[in-house]
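Undergrad: The following block contains the structure, expressed as structure tokens.
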Amino acid sequence: MEPTAESQAVAPARTGASPAIACRGITKRFPGVVANDAVDFEAAEGEVHALLGENGAGKSTLSNIFTGLYRADEGELEVHGRPVSFVSPRDGIAAGIGMVHQHFRLVEPFTVAENVMLGDQSDVGRSFRLHPRAIEDRVAELGERYGMAVDPRARIWQLSVGEQQRVEILKALYREARILILDEPTAVLTPQEAAALFQTLRAMAADGRTVIFISHKLHEVKAVSDRVTVLRDGRSVATVDTAASTLRSLAELMVGRELQTYNRREGRREVGELRFEVDGITAAGDRGVSAVHDVSLRVHAGEILGIAGVAGNGQRELAEAVTGLRPLQFGAIRVGGVTVHPGDPRSAIQAGIAHVPEDRLHTGVAPSLSISSNVVLKSYRSDENSAGPFLRFHRIRDWAVELIRRYDVKAPGPGASARQLSGGNLQKVVLAREFSGTPKVLVIAAPTRGLDVGAIETVHEHLRDAAASGVAILLISEDLDELMTLSDRIAVMYEGRIVGEVDAATAAVAEIGLMMAGGGGS
Amino acid sequence: MSLRIERRLTQPRWLSVAVPLGSLVVAFVLIAVVLLATGHNPVTTYRDMFEAAFTAPGALTQTLIGATPLLFTGLAAAAAFRMNLFNIGGEGQLYFGAIGSSAAGLLLVGQSTTVLIAAMIAAGMAAGAAWALIPGFLRAYLSTNEIITSLMLNYVAGLILTYLIFDSHSYWRDTTSASAAVFPVGKALPDAANWPTLGSGVVVPFGLIVGVAAAALLWVLYSRTRFGFEVQVMSDSPRAARYSGMRTRRKILAVMALSGALAGLGGASQVGDFLHTLDADPKGLRAYGYGYTGIVVAALARYNPFAVVLVAVLLGGLQNAGSALQGPDFPSGLVGVMSGMILFTTLGGELLIRYRVRLQRRQREAVAPASEGGR
Amino acid sequence: MNNSILVVVIASGVAYGTPLLFAALGELLAERSGVLNLGVEGMMLSGAVMGFWAVQRIGGPGGTVLLVAVLVAALAGAAVSLLFAFIVITLRANQIVSGLALTIFAGAAGLSSYLGNDLGLADAPAKHQFAPVDLFDLGDAPIVGPILFEQTWLVYASWALVALTAVYLSRTRPGLNVRAVGESPQTADAVGISVTAYRYAHVLAGGALAGVGGACFSLALTPQWVDGITGGAGWIAIALVIFAFWRPELCLVGAYFFGAFQALPFTLQARGVTLAPELFQALPYVMTVVVLVVVSSGIAKRRLGAPGALGVPFVREER
């Protein structure tokens with residue numbers, strides 16, 4: 001899928017602004033994938049420049065090259081007009097580039113000032129004695145200047161997530177970063193905190209600094225940036241002027257699928273009675289803030305309901321909430337009309353809810369145990385698999401052999417450990433196990449992440465077969481292709497809420513993309 | 001230069017045997033060096049120890065006597081450590097087992113030996129389990145790490161033991177006999193409460209046989225039953241255990257109770273096989289550190305119950321040799337040095353089993369981390 | 001008044017608590033770097049035996065010999081801890097079991113006993129020992145006299161050490177770095193701090209201080225060599241660190257608290273008071289458990305808790 005000639009347009013920076021950071025022809029390969037493919041990029045001084053793209057588009061890789069964590073295989077990098085070659089993150093910092101990561105690098109029991117001091121391992125910070133007062137003053141000063149005041153003496157665990165992010169920014173500013181890169185900064189913020197952040201970013205740009213803002217959220221990109229560079233599948237697709245773009249035009253660039261035809265299912269699937277009801281559930285995330293807000297879903301027997309959305313909008317928490325791994329704050333879950341006891345995985349299993357989790361290796365299986373063991377992970381108590389307190393090893397082993405055959409798992413034998421299996425084969429084992437319990441409902445997340453084409457096809461086959469045999473399926477995926485191919489209906493999740501639900505056969509891709517990026521629905 | 005460490009995907013069988021054996025060899029070599037450096041002849045020392053432990057007349061019997069408590073505390077540690085529950089409280093749980101079983105023996109005076117032994121075993125196990133449930137409960141329901149709590153309770157148990165004999169007029173204390181007037185001592189258990197022995201040339205204490213049976217049962221429990229399956233899953237991946245609906249908190253309690261029961265059984269064996277009274281003498285039961293040595297046994301046996309039997313006999317032999325050879329020529333403290341060194345080398349060898357280790361030039365090129373959110 | 005129970009108990013508490021204090025400060029440093037070292041008893045005994053050896057074998061004026069002996073004790077403790085450090089830091093072995101191995105290796109019926117025996121140290125009183133000094137001639141002052149001004153130099157050194165450790169951790173850059181290593185080694189590693197180097201340094205420092213703690217026994221409290229002379233003080237020191245919420249100042253308070261409770265029963269018995277001594281002796285242990293429960297509960301964990309990465313080997317590949 002080649003970008004068309006017209007989409008190669010690059011909007012220039014405001015006249016008079018010189019490039020702060022620029023790269024040409026940057027290519028970075030990892031085993032099996034080209035993360036960045038001949039990317040050209042340029043951000044000017046005094047500019048807020050957004051880097052837009054879906055997951056896997058290459059945004060994080062590119063920024064890691066800018067900071068010196070990665071080295072590009074090909075291409076050149078220039079900072080303030082001078083060519084540079086970074087060997088480690090220290091070089092990036094020395095060149096005045098600072099990054100605020102999605103996962104903060106903060107020591108929770110320390111104060112803000114201590115974290116700032118810790119991050120400053122340069123020669124300036126080499127003094128033996130600490131001077132917390134001086135640090136605190138500087139931190140307070142920087143905070144005031146850019147509208148992100150934080151008490152330098154507060155301990156990190158006392159701060160809200162938004163405030164913690166400010167500390168990360170202050171760390172970079174303290175080290176005199178002229179170019180600041182923020183990776184999906186609003187993923188963990190409330191709307192109010194995000195608005196405050198944007199003011200800060202604009203203030204920093206007004207001060208002559210450069211801000212590179214990585215995001216998949218159209219609203220925000222439109223609100224805060226001067227220019228937007230769109231990445232898709234590792235390539236730079238376009239650089240446009242934000243003021244001259246609309247949400248729709250950005251969405252089209254980002255998703256870029258108008259020209260593609262889909263292997264959509266022909267006709268409607270036969271759908272049975274209402275099987276799985278998620279009724280107004282609200283669940284807290286890991287940090288205490290709600291991650292799932294008042295979500296309601298209805299899935300019928302034999303139906304596949306897809307949940308679309310960019311990762312980090314509450315899908316993981318939703319999957320955990322409906323399978324009992326996360327307690328509910330409000331709402332109820334029903335299978336066949338019967339309420340399932342919330343927050344208890346065993347109840348969900350007994351109610352007939354099968355779960356193929358996002359993290360296959362660390363949650364879905366016991367990685368060091370054999371395939372045989374993993375295949376009976378949930379069913380070892382049944383009469384077939386155990387005789388009184390004892391396990392029937394022969395029977396279990398035979399069953400594992402049967403499942404290996406049936407699902408075409410490539411493994412040395414049933415005794416091989418789960419850890420040894422490739423991604424695709426591991427997923428087959430998990431599916432085999434979940435289906436073998438003849439479930440009423442299947443909740444499956446990121447089913448084909450990291451799998452090769454053949455394995456993807458197989459997994460899709462199994463899902464279609466399951467639906468055909470009457471299982472109600474909740475399919476959570478970041479891959480819009482997959483959702484379009486498999487689902488009957490698609491609900492879109494954004495910031496923990498369902499912002500829209502469409503019929504998969506007739507929906508416009510751009511519309512879904514818009515909702516995914518927060519630009520549609522309400 | 002730096003060490004580059006990668007987790008092994010498969011653990012070849014031969015490695016699981018070769019590395020412990022290799023560690024043993026390394027340990028013996030290092031100790032030989034220490035011996036030489038301090039003017040002792042390693043060859044004669046080793047030979048004398050082997051004789052004193054196994055081949056001299058009466059040696060094997062003494063060794064088995066020393067091995068018996070280590071077998072129980074070793075099983076106790078193995079049972080818990082297998083599930084990443086670091087029960088350091090074997091010592092205190094053993095004391096409680098002694099307290100419980102001696103109470104049973106004293107209460108049931110007049111009953112037959114069979115009844116007494118059964119009661120002592122049951123009481124010893126129950127008392128040990130109860131004492132272990134304290135750190136177990138704190139861990140399961142209050143997320144309090146069991147290492148220090150179980151350790152502290154060892155001291156409390158020792159103090160309770162002292163209190164019962166030295167500073168109170170408890171049920172256990174002997175207040176009538178002549179010797180009791182001179183020095184506080186516990187009531188003697190009835191003769192019927194003496195646990196029998198087997199064999200004449202080599203005398204095997206009944207407790208040892210109970211211990212071997214316990215090892216077999218533990219092996220069956222952990223490798224053949226649903227309970228054992230759950231332990232396996234929980235120790236490999238607590239998240240997967242929760243995901244599959246296992247009741248993790250109850251399992252923690254159960255395993256701690258099991259561990260305490262095994263240690264308590266060791267205390268019962270001490271009373272029934274050897275002491276025939278509740279011994280609170282600071283130079284007696286409390287001096288040997290059976291609970292702590294049991295952890296060494298379990299670690300050397302890599303938590304396998306049958307290997308525990310073997311290692312217990314080995315360490316029992318070592319202890320026996322140490323006390324038998326005590327004198328001006330034989331370096332006292334050699335027992336501790338050897339046990340400790342063997343354990344060190346075994347622990348170091350563990351690394352080679354679980355990880356592949358390579359020396360490498362320090363890398364300047366950053367390596368792509370295995371999981372980065374999005375690209 | 002200076003002979004009242006209270007004063008005597010507190011004064012003895014200070015004396016008995018000093019070895020605990022040294023060992024606890026050492027363990028505190030190790031734990032702050034993220035390493036749980038259960039081998040304190042072994043390290044203390046190593047220090048005790050080698051310090052005693054130095055006093056018996058080195059000639060010279062008493063003061064100098066004692067000073068050298070303390071240094072020798074520190075070295076012995078550090079040397080033994082080096083073995084432990086190598087196993088748990090470089091070889092990433094399980095810290096719990098390794099610590100126990102260290103205790104058995106170096107403890108009573110281990111290396112310390114071996115050396116004590118081979119060097120012929122038993123059955124002879126120390127040639128020099130630390131005796132209480134009358135500081136500023138205030139030894140007879142009411143109440144505070146015996147408690148504060150009639151202690152040995154070891155006691156006064158321990159006070160200085162508490163202050164030094166507190167300042168080190170809270171006001172210096174290496175102190176900040178080691179705290180980061182103990183709380184979040186990944187973060188420390190990411191900013192270029194060598195987790196390995198810091199852990200080695202602090203475990204060795206812990207060993208050295210434990211060695212000095214052991215010397216308090218053989219050079220001051222019971223100036224002779226007996227196998228196992230520390231009598232379990234190493235384990236108490238471990239508990240003490242938790243009891244003190246990993247803060248040096250509180251180690252001081254806790255050490256004297258534990259020390260007083262050790263001294264109390266004997267003092268009471270000497271006065272003819274018959275209360276079961278075990279009750280008092282058990283109290284510190286029970287209180288440590290209570291403190292640990294409180295510290296582990298969700299709310300308190302962040303304010304008061306253990307270093308975040310305590311006991312976990314640092315393996316960069318598994319980030």
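Following the order of the structure tokens, chains are lettered A, B, ..., residues in each are numbered from 1, and ligands are numbered from 1.
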Could you list, as JSON, numbers by chain, the residues of chain B having an atom within 8 Å of chain C when counting only C-alpha atoms?

TA: {"B": [5, 6, 38, 86, 138, 142, 143, 144, 145, 148, 149, 152, 153, 155, 156, 159, 160, 162, 163, 167, 168, 292, 293, 295, 296, 299, 331, 332, 333, 334, 335, 336, 337, 338, 339, 340, 341, 343, 344, 347, 348, 350, 351, 369]}

Undergrad: So which residues touch Gly413 (chain A) within 12 Å, counting only C-alpha atoms, skipping near sequence neighbours fewer than 6 positions away, as a ChimeraX atom specification?

TA: /A:370-372,397-398,400-405,420-421

Undergrad: Compute the chain A side of the contact with chain C at 7 Å, counting only C-alpha atoms, and hand it back as a VMD selection string.

TA: chain A and resid 105 to 107 109 118 to 119 121 128 to 130

Undergrad: Can you work out which one of B:Ala241, B:Val231, B:Ile99, B:Val19 has the shortest atom-to-atom distance to chain A, counting only C-alpha atoms?

TA: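 Of all the options, B:Ala241 lies closest to chain A.
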
Undergrad: Considering only C-alpha atoms, state which residue in the set B:Gly228, B:Gly58, B:Gly211, B:Gly322 is at the smallest distance from chain A.

TA: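 Selected residue with least distance to chain A: B:Gly228.
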
Undergrad: Kindly provide the residues of chain A that approach chain B to within 6 Å, each paired with its closest atom pair and their distance in Å to one decimal, based on only C-alpha atoms, listed by chain and increasing number, as JSON lines.

TA:
```
{"residue": "A:Asn55", "atom": "CA", "partner": "B:Gly374", "partner_atom": "CA", "distance": 5.0}
{"residue": "A:Gly56", "atom": "CA", "partner": "B:Arg375", "partner_atom": "CA", "distance": 4.4}
{"residue": "A:Gly58", "atom": "CA", "partner": "B:Arg375", "partner_atom": "CA", "distance": 4.5}
{"residue": "A:Lys59", "atom": "CA", "partner": "B:Arg375", "partner_atom": "CA", "distance": 5.9}
{"residue": "A:Ser60", "atom": "CA", "partner": "B:Arg375", "partner_atom": "CA", "distance": 5.0}
{"residue": "A:Thr61", "atom": "CA", "partner": "B:Arg375", "partner_atom": "CA", "distance": 5.4}
{"residue": "A:Tyr70", "atom": "CA", "partner": "B:Ala366", "partner_atom": "CA", "distance": 5.7}
{"residue": "A:Pro345", "atom": "CA", "partner": "B:Gly245", "partner_atom": "CA", "distance": 4.9}
{"residue": "A:Arg346", "atom": "CA", "partner": "B:Gly245", "partner_atom": "CA", "distance": 4.2}
{"residue": "A:Thr363", "atom": "CA", "partner": "B:Ala240", "partner_atom": "CA", "distance": 4.4}
{"residue": "A:Gly364", "atom": "CA", "partner": "B:Ala240", "partner_atom": "CA", "distance": 5.9}
{"residue": "A:Val365", "atom": "CA", "partner": "B:Ala240", "partner_atom": "CA", "distance": 5.8}
{"residue": "A:Ala366", "atom": "CA", "partner": "B:Ser237", "partner_atom": "CA", "distance": 5.6}
{"residue": "A:Lys378", "atom": "CA", "partner": "B:Ser244", "partner_atom": "CA", "distance": 5.2}
{"residue": "A:Pro389", "atom": "CA", "partner": "B:Thr225", "partner_atom": "CA", "distance": 5.5}
{"residue": "A:Phe390", "atom": "CA", "partner": "B:Thr225", "partner_atom": "CA", "distance": 4.1}
{"residue": "A:Leu391", "atom": "CA", "partner": "B:Thr225", "partner_atom": "CA", "distance": 5.3}
{"residue": "A:Gln420", "atom": "CA", "partner": "B:Leu9", "partner_atom": "CA", "distance": 5.8}
```

Undergrad: Taking the DSSP assignment computed from this structure's backbone, write out as a PyMOL selection string all residues of region 54-139 of chain A that belong to helix (DSSP H, G or I).

TA: chain A and resi 59-67+89-94+112-119+123-126+132-139

Undergrad: Please indicate the distance in Å from CA of Ala160 (chain C) to CA of Gly228 (chain C), rounded to one decimal place.

TA: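 Calculated distance between CA of Ala160 (chain C) and CA of Gly228 (chain C) is 27.9 Å.
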
Undergrad: Compare C:Val144, C:Val80, C:Leu161, C:Ala215 by their minimum atom-to-atom distance to Val7 (chain C), counting only C-alpha atoms, and give me the closest one.

TA: C:Val144

Undergrad: Mind checking which residues fall within 8 Å of Gly496 (chain A), counting only C-alpha atoms, ignoring those fewer than 4 positions away in the same chain, and posting them as a PDB file with N, CA and C atoms, in the first residue's frame?

TA:
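Just written: part-v4.pdb:
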```
ATOM      1  N   SER A 290     -11.023   5.733  37.504  1.00  0.00           N
ATOM      2  CA  SER A 290     -11.869   4.820  36.739  1.00  0.00           C
ATOM      3  C   SER A 290     -11.309   4.601  35.344  1.00  0.00           C
ATOM      4  N   ALA A 291     -11.247   3.358  34.930  1.00  0.00           N
ATOM      5  CA  ALA A 291     -10.763   3.056  33.593  1.00  0.00           C
ATOM      6  C   ALA A 291     -11.905   2.655  32.673  1.00  0.00           C
ATOM      7  N   VAL A 292     -12.978   2.168  33.279  1.00  0.00           N
ATOM      8  CA  VAL A 292     -14.147   1.770  32.507  1.00  0.00           C
ATOM      9  C   VAL A 292     -15.338   2.542  33.072  1.00  0.00           C
ATOM     10  N   HIS A 293     -16.000   3.331  32.212  1.00  0.00           N
ATOM     11  CA  HIS A 293     -17.105   4.176  32.702  1.00  0.00           C
ATOM     12  C   HIS A 293     -18.423   3.737  32.118  1.00  0.00           C
ATOM     13  N   VAL A 295     -20.130   1.203  31.018  1.00  0.00           N
ATOM     14  CA  VAL A 295     -20.129   0.500  29.734  1.00  0.00           C
ATOM     15  C   VAL A 295     -21.243  -0.529  29.707  1.00  0.00           C
ATOM     16  N   ASN A 313      -7.276   2.714  26.077  1.00  0.00           N
ATOM     17  CA  ASN A 313      -8.535   3.415  26.307  1.00  0.00           C
ATOM     18  C   ASN A 313      -9.479   2.615  27.186  1.00  0.00           C
ATOM     19  N   GLY A 314      -8.966   1.649  27.911  1.00  0.00           N
ATOM     20  CA  GLY A 314      -9.787   0.912  28.874  1.00  0.00           C
ATOM     21  C   GLY A 314     -10.138  -0.493  28.442  1.00  0.00           C
ATOM     22  N   GLN A 315      -9.625  -0.918  27.288  1.00  0.00           N
ATOM     23  CA  GLN A 315     -10.012  -2.245  26.809  1.00  0.00           C
ATOM     24  C   GLN A 315      -9.504  -3.355  27.727  1.00  0.00           C
TER      25      GLN A 315
END
```

Undergrad: As an exercise, work out the distance from CA of Gly53 (chain A) to CA of Gly81 (chain A) in Å and give it to one decimal place.

TA: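 Interatomic distance, CA of Gly53 (chain A) to CA of Gly81 (chain A): 26.5 Å.
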
Undergrad: If we count only C-alpha atoms, what is near Ala255 (chain C) at a cut-off of 12 Å, once residues fewer than 6 positions away on the same chain are taken out, given as a count of residues only?

TA: 36

Undergrad: Take CA of Gln165 (chain A) and CA of Met117 (chain A) and report the distance between them in Å, one decimal.

TA: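 Spanning CA of Gln165 (chain A) to CA of Met117 (chain A) is a straight-line distance of 16.1 Å.
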
Undergrad: What are the DSSP strand (DSSP E or B) residues of region 155-395 of chain A, as a ChimeraX atom specification?

TA: /A:155,179-183,210-215,227-232,235-241,274-284,290-300,304-308,330-335,338-339,353-356,370,386-387,390-391

Undergrad: Applying 6 Å and only C-alpha atoms, which residues near Leu77 (chain A) remain after dropping the ones on its own chain fewer than 3 positions away? List them as a PDB file with C-alpha atoms, in the first residue's frame.

TA:
```pdb
ATOM      1  CA  ALA A  22      15.689  17.196  11.607  1.00  0.00           C
ATOM      2  CA  CYS A  23      16.235  13.734  10.196  1.00  0.00           C
ATOM      3  CA  PRO A  83      24.818  16.577  12.417  1.00  0.00           C
ATOM      4  CA  VAL A  84      24.828  14.335  15.467  1.00  0.00           C
TER       5      VAL A  84
END
```

Undergrad: Write out as an mmCIF file with N, CA and C atoms, in the first residue's frame which residues come within 10 Å of region 475-486 of chain A when counting only C-alpha atoms, dropping same-chain ones fewer than 6 positions away.

TA:
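Just written: part-v5.cif:
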```
data_model
loop_
_atom_site.group_PDB
_atom_site.id
_atom_site.type_symbol
_atom_site.label_atom_id
_atom_site.label_comp_id
_atom_site.auth_asym_id
_atom_site.auth_seq_id
_atom_site.Cartn_x
_atom_site.Cartn_y
_atom_site.Cartn_z
ATOM 1 N N GLU A 54 -1.177 5.287 14.250
ATOM 2 C CA GLU A 54 -1.738 4.195 15.050
ATOM 3 C C GLU A 54 -0.613 3.450 15.763
ATOM 4 N N ASN A 55 -1.011 2.473 16.567
ATOM 5 C CA ASN A 55 0.000 1.609 17.197
ATOM 6 C C ASN A 55 0.754 0.864 16.122
ATOM 7 N N VAL A 255 -5.482 6.546 9.146
ATOM 8 C CA VAL A 255 -5.989 5.200 8.911
ATOM 9 C C VAL A 255 -5.782 4.786 7.475
ATOM 10 N N ARG A 257 -7.429 4.010 4.761
ATOM 11 C CA ARG A 257 -7.893 2.776 4.141
ATOM 12 C C ARG A 257 -9.014 2.975 3.138
ATOM 13 N N TYR A 262 -12.247 -4.742 1.635
ATOM 14 C CA TYR A 262 -12.231 -5.659 2.760
ATOM 15 C C TYR A 262 -12.767 -7.009 2.399
ATOM 16 N N ASN A 263 -12.290 -7.963 3.074
ATOM 17 C CA ASN A 263 -12.841 -9.297 2.938
ATOM 18 C C ASN A 263 -14.009 -9.397 3.914
ATOM 19 N N ARG A 264 -15.016 -8.624 3.649
ATOM 20 C CA ARG A 264 -16.124 -8.608 4.603
ATOM 21 C C ARG A 264 -16.994 -9.835 4.427
ATOM 22 N N ARG A 265 -17.585 -10.222 5.520
ATOM 23 C CA ARG A 265 -18.451 -11.404 5.471
ATOM 24 C C ARG A 265 -19.680 -11.100 4.606
ATOM 25 N N GLU A 303 -22.979 -14.498 17.954
ATOM 26 C CA GLU A 303 -22.633 -13.186 17.435
ATOM 27 C C GLU A 303 -21.217 -12.812 17.850
ATOM 28 N N ILE A 304 -20.552 -12.037 16.994
ATOM 29 C CA ILE A 304 -19.237 -11.517 17.376
ATOM 30 C C ILE A 304 -19.342 -10.001 17.502
ATOM 31 N N LEU A 305 -19.162 -9.514 18.719
ATOM 32 C CA LEU A 305 -19.157 -8.065 18.946
ATOM 33 C C LEU A 305 -17.719 -7.617 19.088
ATOM 34 N N GLY A 306 -17.278 -6.770 18.152
ATOM 35 C CA GLY A 306 -15.901 -6.296 18.221
ATOM 36 C C GLY A 306 -15.807 -5.020 19.039
ATOM 37 N N ILE A 307 -14.742 -4.876 19.797
ATOM 38 C CA ILE A 307 -14.482 -3.630 20.520
ATOM 39 C C ILE A 307 -13.253 -3.001 19.880
ATOM 40 N N ALA A 308 -13.483 -1.861 19.216
ATOM 41 C CA ALA A 308 -12.381 -1.176 18.543
ATOM 42 C C ALA A 308 -11.861 -0.067 19.437
ATOM 43 N N GLY A 309 -10.632 0.313 19.198
ATOM 44 C CA GLY A 309 -10.083 1.410 19.978
ATOM 45 C C GLY A 309 -8.578 1.288 20.014
ATOM 46 N N VAL A 310 -7.932 2.407 20.182
ATOM 47 C CA VAL A 310 -6.485 2.380 20.303
ATOM 48 C C VAL A 310 -6.147 1.894 21.707
ATOM 49 N N ALA A 311 -5.063 1.138 21.832
ATOM 50 C CA ALA A 311 -4.693 0.573 23.125
ATOM 51 C C ALA A 311 -4.588 1.650 24.183
ATOM 52 N N GLN A 315 -9.625 -0.918 27.288
ATOM 53 C CA GLN A 315 -10.012 -2.245 26.809
ATOM 54 C C GLN A 315 -9.504 -3.355 27.727
ATOM 55 N N ARG A 316 -8.254 -3.200 28.173
ATOM 56 C CA ARG A 316 -7.694 -4.237 29.036
ATOM 57 C C ARG A 316 -8.499 -4.364 30.314
ATOM 58 N N LEU A 318 -11.556 -3.491 30.707
ATOM 59 C CA LEU A 318 -12.884 -4.034 30.398
ATOM 60 C C LEU A 318 -12.828 -5.558 30.376
ATOM 61 N N ALA A 319 -11.822 -6.084 29.674
ATOM 62 C CA ALA A 319 -11.703 -7.540 29.598
ATOM 63 C C ALA A 319 -11.551 -8.141 30.993
ATOM 64 N N VAL A 356 -9.511 -15.460 26.650
ATOM 65 C CA VAL A 356 -8.173 -15.530 26.073
ATOM 66 C C VAL A 356 -7.543 -14.158 26.296
ATOM 67 N N PRO A 357 -6.624 -14.067 27.247
ATOM 68 C CA PRO A 357 -6.165 -12.738 27.649
ATOM 69 C C PRO A 357 -5.154 -12.130 26.675
ATOM 70 N N GLU A 358 -4.980 -10.831 26.807
ATOM 71 C CA GLU A 358 -4.037 -10.085 25.999
ATOM 72 C C GLU A 358 -2.617 -10.604 26.189
ATOM 73 N N LEU A 442 -17.188 -16.086 25.019
ATOM 74 C CA LEU A 442 -15.731 -15.996 24.895
ATOM 75 C C LEU A 442 -15.333 -14.534 24.871
ATOM 76 N N VAL A 443 -14.443 -14.174 25.800
ATOM 77 C CA VAL A 443 -13.872 -12.825 25.787
ATOM 78 C C VAL A 443 -12.436 -12.985 25.318
ATOM 79 N N ILE A 444 -12.118 -12.371 24.185
ATOM 80 C CA ILE A 444 -10.782 -12.577 23.622
ATOM 81 C C ILE A 444 -10.171 -11.234 23.253
ATOM 82 N N ALA A 445 -8.943 -11.005 23.723
ATOM 83 C CA ALA A 445 -8.293 -9.711 23.509
ATOM 84 C C ALA A 445 -6.996 -9.886 22.741
ATOM 85 N N ALA A 446 -6.767 -8.991 21.783
ATOM 86 C CA ALA A 446 -5.560 -9.008 20.957
ATOM 87 C C ALA A 446 -5.253 -10.417 20.466
ATOM 88 N N PRO A 447 -6.197 -11.068 19.772
ATOM 89 C CA PRO A 447 -6.046 -12.484 19.449
ATOM 90 C C PRO A 447 -4.877 -12.788 18.527
ATOM 91 N N THR A 448 -4.501 -11.857 17.667
ATOM 92 C CA THR A 448 -3.469 -12.218 16.699
ATOM 93 C C THR A 448 -2.248 -11.309 16.776
ATOM 94 N N ARG A 449 -2.079 -10.669 17.945
ATOM 95 C CA ARG A 449 -0.919 -9.788 18.094
ATOM 96 C C ARG A 449 0.355 -10.594 17.995
ATOM 97 N N ILE A 456 -2.626 -16.288 11.959
ATOM 98 C CA ILE A 456 -3.757 -15.361 12.044
ATOM 99 C C ILE A 456 -4.980 -15.989 11.411
ATOM 100 N N HIS A 460 -8.557 -16.935 13.197
ATOM 101 C CA HIS A 460 -9.829 -16.406 12.696
ATOM 102 C C HIS A 460 -10.807 -17.533 12.385
ATOM 103 N N GLU A 461 -10.290 -18.587 11.778
ATOM 104 C CA GLU A 461 -11.128 -19.766 11.494
ATOM 105 C C GLU A 461 -11.808 -20.260 12.756
ATOM 106 N N LEU A 463 -12.381 -18.756 15.487
ATOM 107 C CA LEU A 463 -13.375 -17.835 16.037
ATOM 108 C C LEU A 463 -14.679 -17.938 15.258
ATOM 109 N N ARG A 464 -14.560 -18.046 13.941
ATOM 110 C CA ARG A 464 -15.786 -18.167 13.129
ATOM 111 C C ARG A 464 -16.519 -19.452 13.473
ATOM 112 N N ALA A 467 -18.336 -19.080 16.724
ATOM 113 C CA ALA A 467 -19.571 -18.296 16.581
ATOM 114 C C ALA A 467 -20.640 -19.158 15.922
ATOM 115 N N VAL A 492 -17.057 1.096 19.669
ATOM 116 C CA VAL A 492 -15.771 1.783 19.750
ATOM 117 C C VAL A 492 -15.570 2.313 21.156
ATOM 118 N N MET A 493 -14.391 2.054 21.693
ATOM 119 C CA MET A 493 -14.091 2.487 23.047
ATOM 120 C C MET A 493 -13.095 3.634 23.022
ATOM 121 N N ASP A 503 -22.777 -1.232 12.653
ATOM 122 C CA ASP A 503 -22.904 -2.522 11.998
ATOM 123 C C ASP A 503 -21.667 -2.712 11.125
ATOM 124 N N ALA A 504 -20.943 -3.816 11.330
ATOM 125 C CA ALA A 504 -19.656 -3.990 10.650
ATOM 126 C C ALA A 504 -19.788 -4.066 9.143
ATOM 127 N N ALA A 505 -20.865 -4.654 8.677
ATOM 128 C CA ALA A 505 -20.970 -4.852 7.236
ATOM 129 C C ALA A 505 -21.127 -3.538 6.483
ATOM 130 N N THR A 506 -21.737 -2.557 7.120
ATOM 131 C CA THR A 506 -22.048 -1.341 6.377
ATOM 132 C C THR A 506 -21.286 -0.112 6.847
ATOM 133 N N ALA A 507 -20.538 -0.233 7.934
ATOM 134 C CA ALA A 507 -19.901 0.972 8.472
ATOM 135 C C ALA A 507 -18.769 1.473 7.592
ATOM 136 N N VAL A 509 -15.136 2.956 7.260
ATOM 137 C CA VAL A 509 -13.918 2.834 8.070
ATOM 138 C C VAL A 509 -13.501 4.161 8.674
ATOM 139 N N ILE A 512 -15.304 4.938 11.831
ATOM 140 C CA ILE A 512 -14.798 4.195 12.987
ATOM 141 C C ILE A 512 -13.477 4.802 13.452
ATOM 142 N N GLY A 513 -12.623 5.088 12.473
ATOM 143 C CA GLY A 513 -11.324 5.675 12.821
ATOM 144 C C GLY A 513 -11.498 6.972 13.580
ATOM 145 N N MET A 516 -12.492 6.228 17.099
ATOM 146 C CA MET A 516 -11.349 5.677 17.827
ATOM 147 C C MET A 516 -10.420 6.776 18.312
#
```

Undergrad: Got a sec: who's within 7 Å of region 56-72 of chain C, counting only C-alpha atoms, leaving out chain neighbours fewer than 4 positions off, as a ChimeraX atom specification?

TA: /C:50-52,76,126-128,212,215

Undergrad: May I ask which of the residues A:Val289, A:Ala50, A:Ala351, A:Val112 is the closest one to Leu201 (chain A), counting only C-alpha atoms?

TA: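 Residue with the minimum atom-to-atom distance to Leu201 (chain A): A:Ala50.
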